[in-house]
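Have a look at the structure below before the remarks.
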Amino acid sequence: FLGDAVLELITSKYYFVNHPEMSEGQMTKKRSSTVCEMALAYCAKDLELGEYLLLGKGEEASGGRLRDSIISDVMEAIIGALYLDGGFEAAQNFIDTFILSDLDNKHLFYDSKTILQEKVQQAGISIEYQLVGETGPDHDKEFTVEVVIDGIASGKGVGRNKKSAEQKAAYEALLKMKKNK
């Protein structure tokens, strides 16, 4: 709760100060992409935070160390702890170093589906998301989705819900497109 609020404040300040040319709506969208679960999980994986978690046997067995929802929460908790222990400056230094760096790659996470949809529409080709797998008990499902562009499987994503899996599939497709340019 606290880490999330501190992160939003510092990220808002960053965009306000460093990008005065952006409209309020643009800054809001950029901030959202910077602080979303997938972007924070990306940062947490970079820091290998999952290695330091104490997990129950079930969570350990189901891959909790790499689960986006868990490690993004860990990032927020660290930010909150830094703020309480070292103040605003300590939290800002951490966020500047580990979150507000390499933003171009992190922004793709936020709404990969929209970005991909726009690219596909410009090209005038079809896009569809297909559920290709569903595993686990009802309380701990994992969904696998494939994005099919113009009849070709272009990305696959796995997530705790279909929306998350679709975002990851779209992100993978965007990375492939970027690589093939």
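Residue numbering restarts at 1 in every chain; chains get A, B, ... in the order shown in the structure tokens, and ligands count up from 1 in that same order.
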
List every residue of range 30-141 of chain A that has an atom at most 7 Å from any atom of range 162-170 of chain A, giving for each one its closest atom pair and the distance in Å to one decimal, counting only C-alpha atoms, sorted by chain and then by ascending residue number, as a tab-separated table.
residue	atom	partner	partner_atom	distance
A:Asp111	CA	A:Gln167	CA	6.9
A:Ser112	CA	A:Ala170	CA	5.4
A:Lys113	CA	A:Ala170	CA	5.4
A:Leu116	CA	A:Ala170	CA	6.4
A:Tyr129	CA	A:Glu166	CA	6.8

Range 46-75 of chain A residues near range 24-39 of chain A within 12 Å, closest pair each, using only C-alpha atoms, as CSV:
residue,atom,partner,partner_atom,distance
A:Asp46,CA,A:Ala39,CA,10.7
A:Leu66,CA,A:Met38,CA,11.4
A:Arg67,CA,A:Met38,CA,9.9
A:Asp68,CA,A:Met38,CA,6.3
A:Ser69,CA,A:Glu37,CA,6.5
A:Ile70,CA,A:Glu37,CA,9.2
A:Ile71,CA,A:Glu37,CA,8.7
A:Ser72,CA,A:Glu37,CA,5.6
A:Asp73,CA,A:Glu37,CA,8.1
A:Val74,CA,A:Glu37,CA,10.7
A:Met75,CA,A:Glu37,CA,9.7

For those residues, write N, CA and C atoms to a file as a short mmCIF file (atom, residue, chain, number, x, y, z; two decimals), in the first residue's frame.
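again-v8.cif was written with the following content:
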data_model
loop_
_atom_site.label_atom_id
_atom_site.label_comp_id
_atom_site.auth_asym_id
_atom_site.auth_seq_id
_atom_site.Cartn_x
_atom_site.Cartn_y
_atom_site.Cartn_z
N ASP A 46 15.04 -8.73 -12.74
CA ASP A 46 16.38 -8.19 -12.99
C ASP A 46 17.22 -8.22 -11.72
N LEU A 66 8.81 -16.74 -9.22
CA LEU A 66 8.82 -15.99 -10.48
C LEU A 66 7.44 -15.45 -10.84
N ARG A 67 6.46 -15.64 -9.98
CA ARG A 67 5.11 -15.17 -10.27
C ARG A 67 5.07 -13.65 -10.21
N ASP A 68 4.62 -13.04 -11.31
CA ASP A 68 4.60 -11.58 -11.43
C ASP A 68 3.89 -10.90 -10.26
N SER A 69 2.75 -11.45 -9.86
CA SER A 69 1.98 -10.80 -8.81
C SER A 69 2.74 -10.78 -7.48
N ILE A 70 3.51 -11.80 -7.21
CA ILE A 70 4.27 -11.87 -5.96
C ILE A 70 5.48 -10.95 -6.00
N ILE A 71 6.28 -11.06 -7.05
CA ILE A 71 7.52 -10.29 -7.04
C ILE A 71 7.28 -8.80 -7.30
N SER A 72 6.18 -8.46 -7.96
CA SER A 72 5.87 -7.02 -8.10
C SER A 72 5.45 -6.46 -6.74
N ASP A 73 4.73 -7.26 -5.95
CA ASP A 73 4.38 -6.84 -4.59
C ASP A 73 5.63 -6.67 -3.72
N VAL A 74 6.62 -7.52 -3.94
CA VAL A 74 7.89 -7.42 -3.20
C VAL A 74 8.58 -6.10 -3.54
N MET A 75 8.58 -5.73 -4.82
CA MET A 75 9.18 -4.43 -5.21
C MET A 75 8.49 -3.28 -4.47
#

Legend entry - Residues of range 61-166 of chain A in strand (DSSP E or B), written as an NGL selection string: :A and (127-135 or 142-149 or 152-159)

Inset, instruction - Find the distance between CA of Glu142 in chain A and CA of Asn161 in chain A and write it in Å to one decimal. - result: 6.7 Å

Inset, instruction - Would you please extract all alpha helix (DSSP H) residues from range 1-177 of chain A, as assigned by DSSP on the backbone, and give them as a PyMOL selection string? - result: chain A and resi 2-18+24-35+37-46+57-61+68-98+103-110+112-123+162-177

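The shell of residues at most 8 Å from range 90-105 of chain A, with only C-alpha atoms counted and near chain neighbours (fewer than 3 positions) removed, consists of A:Val6, A:Leu7, A:Ile10, A:Thr11, A:Thr34, A:Leu40, A:Cys43, A:Ile79, A:Gly80, A:Leu82, A:Tyr83, A:Gly86, A:Gly87, A:Leu108, A:Phe109.
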
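CA of Leu47 in chain A lies 23.1 Å from CA of Ser12 in chain A.
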
Legend entry - Contacts of Gly155 in chain A at 6 Å (only C-alpha atoms; same-chain gap of 5+ positions) as a list in words: Glu146, Val147, Ala169, Glu172 and Ala173 of chain A
